[in-house]
Amino acid sequence: MESTGMTIELNDVLSGFRERMGKLALFDPLFELSRQRKTDRCGKQVAMMELGLLTLLFFFEKKLMRSRKTSVKDLVGFLSAVVEEKYDLDQEELEDIGRRIIHVFRPSSGRKREFSFFHLGTGQEEIHYTSILRTDSYDVASNTQYYALDEDGLELIFATKEFYLEFQLSIHQLLLRKQLEKGEFQGALRQIDEMMIDVETLQERIIALEHEIKRSIVSEETFARYRSLLEDIYLRLKRENEEFNELRDFVKETKDRIYAERELMRNRRPYELIVRIGIELEKVHNEHTRLLQQSMELESSALRAAKESLYYTGMNAFNFEQDIGSFLFGTPLPIEAMKGVVAPFLQLEQVKVWSPLTVFAKQQLSGHDDGSVIEESLLALDEEEDDSSYMRRRKERFVQVVEALLRCYERLNCEEVRLSEFIAYLDEDEASDLKSERDFYDCWIILHQRSPIRPIMSEGAVGESDKNLYESITSLLQGRSLIVRETEGIIKVNERYSIQELIIRLGGDQDELFR
Amino acid sequence: MNYSGDEVMKAFRIYAQLSRSGVADKESLLQVEADDHVRGLLDQFAAEVDCVVMGAGDRLMLVPLARLSPFHITNESLKRMYLRGNAVNADLYLMYVAIIVLIGAFYDSYQTTEATRNFLQMEEWMHLVQQRINGLKEHSAEELKALSQEYSYHWADIIEKWDAMDDVKETAKRQSGATISRVSFLDTVRKFMLDQELVKQVGPDELDLTEKAKMIVQRYYMEREYNRGILEFLYGLEPKRKEEA
């Protein structure tokens, strides 16, 4: 046989074959619906496929309105309003139709919709999984299940509108611009709502991708795929972001223009709208900017996952049901095998024991009520911190007291005061509230105990922890010494505190100390 | 190999975190990635208690190995925590059956490494367990008994346990809780798995696997080395039929 001059490169033709089949798979549920036989009471065939598409649009509309609670009942209500004139159906049959449609979009077996096809490139049977509807939440009280469009469902809706998800946002941006130019502000608001959905969908996709990367062992090949996917997403986001910036400027210009002519009655409403548009657009833009950030983080975590995967090799095919379940139950293996197989999913044994020696341990004051033990290292850290903050406070207090004392000496112009005199002086001093605190009295007890306080303390006389304290006091004393001696009498300062009378002497030179 | 004290302590701190909660934070992950000594030590620590440490996104996970180990949670603890007061080992093993069936229901395809369903209905779950039990019944009682003579429990006990339960207890108002029926039994397993963060509730009667469970399947069961270990463990338990024949 003579072939034509051109040879067809099969690989080129088949590239993206899988993805193309995936797109076809999207339409499969609609055709499944069209194959369903359902007639109304007059024997008229009910257009199931069309109602299926209508259902999708209904959910899309709900999504636009941000209504999260959409149940079968809502759907049936909507359908009945639509088909009222056209078919002769009672409530029960309508409900049956509603459930049938939902059943097709979201098989109640829980399995994703399977679409198997023969891949001509690899010569293998392959399966594409789609998920059109998903559960949103459910209400326990009324036992109602709520549904929402899943990613494939959205894609299907867009597929029926001639463009695909990837370009959705850009197209919306373009349309928005056109609408603003034409002054169709009402439509512009709706356009922004749709944009919000695009952004949310993108967000969901990024999260799903993140989960996928985290839980799979990434081989070099899949990593390359992820990376190009992430790069695409990033570029796309960047492009969209630029467009957002331009749109913002454009909205601002339009706003200014209308503002200038706001006196005109016909401009009042548009002005309100354009302000709202500006706000809504900003919201979408914000969300979108967050996505940009998220996608960058994802890229770094994907890189890390790939690096980590160097340590592991993934299986190409693994079927838990067959490889584990059937082997175990089918053989059957001794029942202990089950325990071993389930172990990875369970927590480790955590034994709670109590040692009698605990009694002699340092008592822990900062435990939790439920008796859980704070980790050792954490506790130690806490203590240190407590200590240092306590030390710091004490030091501050000492410095305050000694400063006040020095002021007192200056005022009375002498070198020796009694504690009672000092306390009396405090009433006139700026630090008059010192004596109402306990630290003040502790301070005197310590000073008395450590007296005399000399400019240069002999080595070893001071503990490591006190060193800091002494340094700050001696620096205040400027080479003088402080001697504190007890004497007769107890001063009752206020209702709470009383203290032994002390004689406090500020010594000019060291010899005096040994009198 | 010489390790510095600092490395040992770093590894131990991470290990302590892991052994308490099963996961460790991002900082630990970064430390492990940055220092192969710490990684090596951590792997050794984990191996000592029959576990393995895996990076999972931005944190570390401690996964018990699939084998029988004194370090894994004991039957006694499980029974005490999750089953009725008078539960016996047969209850526990029946729970294991239900768990394996549930995970199998999500991962039952050689075509994809991802889960093949979005959720599993309780009713279908019960149906799948029933199928497995039916399958077991095809073996003769003697055969089943002979399998695990050194153990006090047999497949026969589990089958008996399941068969003795009604699908639902018709006299009871609620099907969960203390009533003895298959539905309420699976409800107990459901609660257990919710507690262990293996499944999440997506509908009134519908369960989906959590990211944690998926991660364990896809990063542990589907890792070549670990997978070999798991199969070795299972083959090790396989009765030597050929020799008998």
# chains A, B, ... in the order shown; residues from 1 in each chain; ligands from 1
>>> interface_residues(of="chain A", to="chain B", cutoff="7 Å", atoms="only C-alpha atoms", output="number ranges by chain")
A: 109-112, 126-127, 135, 137-138, 140, 143, 145, 214-217, 301, 305, 312-315, 317-322, 325, 329-330, 333-335, 337-349
>>> residues_around(residues="Leu26 in chain A", least_positions_apart="6", cutoff="7 Å", atoms="only C-alpha atoms", output="list in words")
Thr130, Asp152 and Leu156 of chain A
>>> select_by_dssp(residues="range 91-136 of chain B", states="alpha helix (DSSP H)", output="VMD selection string")
chain B and resid 91 to 106 122 to 136
>>> residues_around(residues="Ile97 in chain A", least_positions_apart="4", cutoff="12 Å", atoms="only C-alpha atoms", output="ChimeraX atom specification")
/A:33,36-40,46-52,55,72-73,75-77,79-80,83,89-93,101-104
>>> residues_around(residues="Ala11 in chain B", least_positions_apart="4", cutoff="7 Å", atoms="only C-alpha atoms", output="PDB file with C-alpha atoms, in the first residue's frame")
ATOM      1  CA  GLU B   7      21.565  15.461  68.390  1.00  0.00           C
ATOM      2  CA  TYR B  15      10.222  11.297  69.694  1.00  0.00           C
ATOM      3  CA  VAL B  38      18.623  13.255  63.991  1.00  0.00           C
ATOM      4  CA  LEU B  41      18.251   8.424  65.647  1.00  0.00           C
ATOM      5  CA  LEU B  42      14.553   9.115  65.411  1.00  0.00           C
TER       6      LEU B  42
END
>>> select_by_dssp(residues="range 31-64 of chain B", states="strand (DSSP E)", output="number ranges by chain")
B: 51-56, 59-64
>>> write_last_selection(atoms="C-alpha atoms", output="mmCIF file, in the first residue's frame")
data_model
loop_
_atom_site.group_PDB
_atom_site.id
_atom_site.type_symbol
_atom_site.label_atom_id
_atom_site.label_comp_id
_atom_site.auth_asym_id
_atom_site.auth_seq_id
_atom_site.Cartn_x
_atom_site.Cartn_y
_atom_site.Cartn_z
ATOM 1 C CA CYS B 51 6.816 2.046 64.777
ATOM 2 C CA VAL B 52 7.927 4.140 61.872
ATOM 3 C CA VAL B 53 8.180 7.888 61.484
ATOM 4 C CA MET B 54 6.817 9.399 58.309
ATOM 5 C CA GLY B 55 6.764 12.929 57.011
ATOM 6 C CA ALA B 56 3.248 13.925 56.149
ATOM 7 C CA ARG B 59 4.327 17.464 60.054
ATOM 8 C CA LEU B 60 5.633 14.115 61.189
ATOM 9 C CA MET B 61 3.550 11.079 61.970
ATOM 10 C CA LEU B 62 4.332 8.055 64.073
ATOM 11 C CA VAL B 63 2.750 4.982 62.559
ATOM 12 C CA PRO B 64 2.774 1.646 64.385
#
>>> atom_distance(atom1="CA of Ile192 in chain A", atom2="CA of Gln293 in chain A")
21.3 Å
>>> residues_around(residues="Tyr129 in chain A", least_positions_apart="2", cutoff="9 Å", atoms="only C-alpha atoms", output="JSON, numbers by chain")
{"A": [22, 25, 112, 113, 114, 115, 116, 127, 131], "B": [116]}
>>> write_last_selection(atoms="N, CA and C atoms", output="PDB file, in the first residue's frame")
ATOM      1  N   GLY A  22     -11.873  12.209  29.955  1.00  0.00           N
ATOM      2  CA  GLY A  22     -12.397  12.725  31.225  1.00  0.00           C
ATOM      3  C   GLY A  22     -13.482  13.755  31.000  1.00  0.00           C
ATOM      4  N   ALA A  25     -16.505  12.050  30.042  1.00  0.00           N
ATOM      5  CA  ALA A  25     -17.112  11.363  31.183  1.00  0.00           C
ATOM      6  C   ALA A  25     -18.054  12.280  31.942  1.00  0.00           C
ATOM      7  N   LYS A 112     -17.714   6.897  43.668  1.00  0.00           N
ATOM      8  CA  LYS A 112     -17.699   7.958  42.677  1.00  0.00           C
ATOM      9  C   LYS A 112     -18.213   7.359  41.368  1.00  0.00           C
ATOM     10  N   ARG A 113     -18.728   8.190  40.502  1.00  0.00           N
ATOM     11  CA  ARG A 113     -19.181   7.683  39.212  1.00  0.00           C
ATOM     12  C   ARG A 113     -17.977   7.174  38.431  1.00  0.00           C
ATOM     13  N   GLU A 114     -18.112   5.987  37.907  1.00  0.00           N
ATOM     14  CA  GLU A 114     -16.994   5.434  37.149  1.00  0.00           C
ATOM     15  C   GLU A 114     -17.289   5.539  35.662  1.00  0.00           C
ATOM     16  N   PHE A 115     -16.283   5.859  34.914  1.00  0.00           N
ATOM     17  CA  PHE A 115     -16.445   5.930  33.473  1.00  0.00           C
ATOM     18  C   PHE A 115     -15.243   5.203  32.894  1.00  0.00           C
ATOM     19  N   SER A 116     -15.474   3.998  32.422  1.00  0.00           N
ATOM     20  CA  SER A 116     -14.318   3.239  31.955  1.00  0.00           C
ATOM     21  C   SER A 116     -14.185   3.394  30.447  1.00  0.00           C
ATOM     22  N   ILE A 127     -10.150   3.837  34.030  1.00  0.00           N
ATOM     23  CA  ILE A 127     -11.391   4.325  34.627  1.00  0.00           C
ATOM     24  C   ILE A 127     -11.231   5.782  35.018  1.00  0.00           C
ATOM     25  N   SER A 131     -17.269  13.186  40.175  1.00  0.00           N
ATOM     26  CA  SER A 131     -18.119  13.448  41.328  1.00  0.00           C
ATOM     27  C   SER A 131     -18.851  14.752  41.068  1.00  0.00           C
TER      28      SER A 131
ATOM     29  N   THR B 116     -11.694   5.111  45.982  1.00  0.00           N
ATOM     30  CA  THR B 116     -12.630   5.014  44.869  1.00  0.00           C
ATOM     31  C   THR B 116     -14.031   5.478  45.229  1.00  0.00           C
TER      32      THR B 116
END
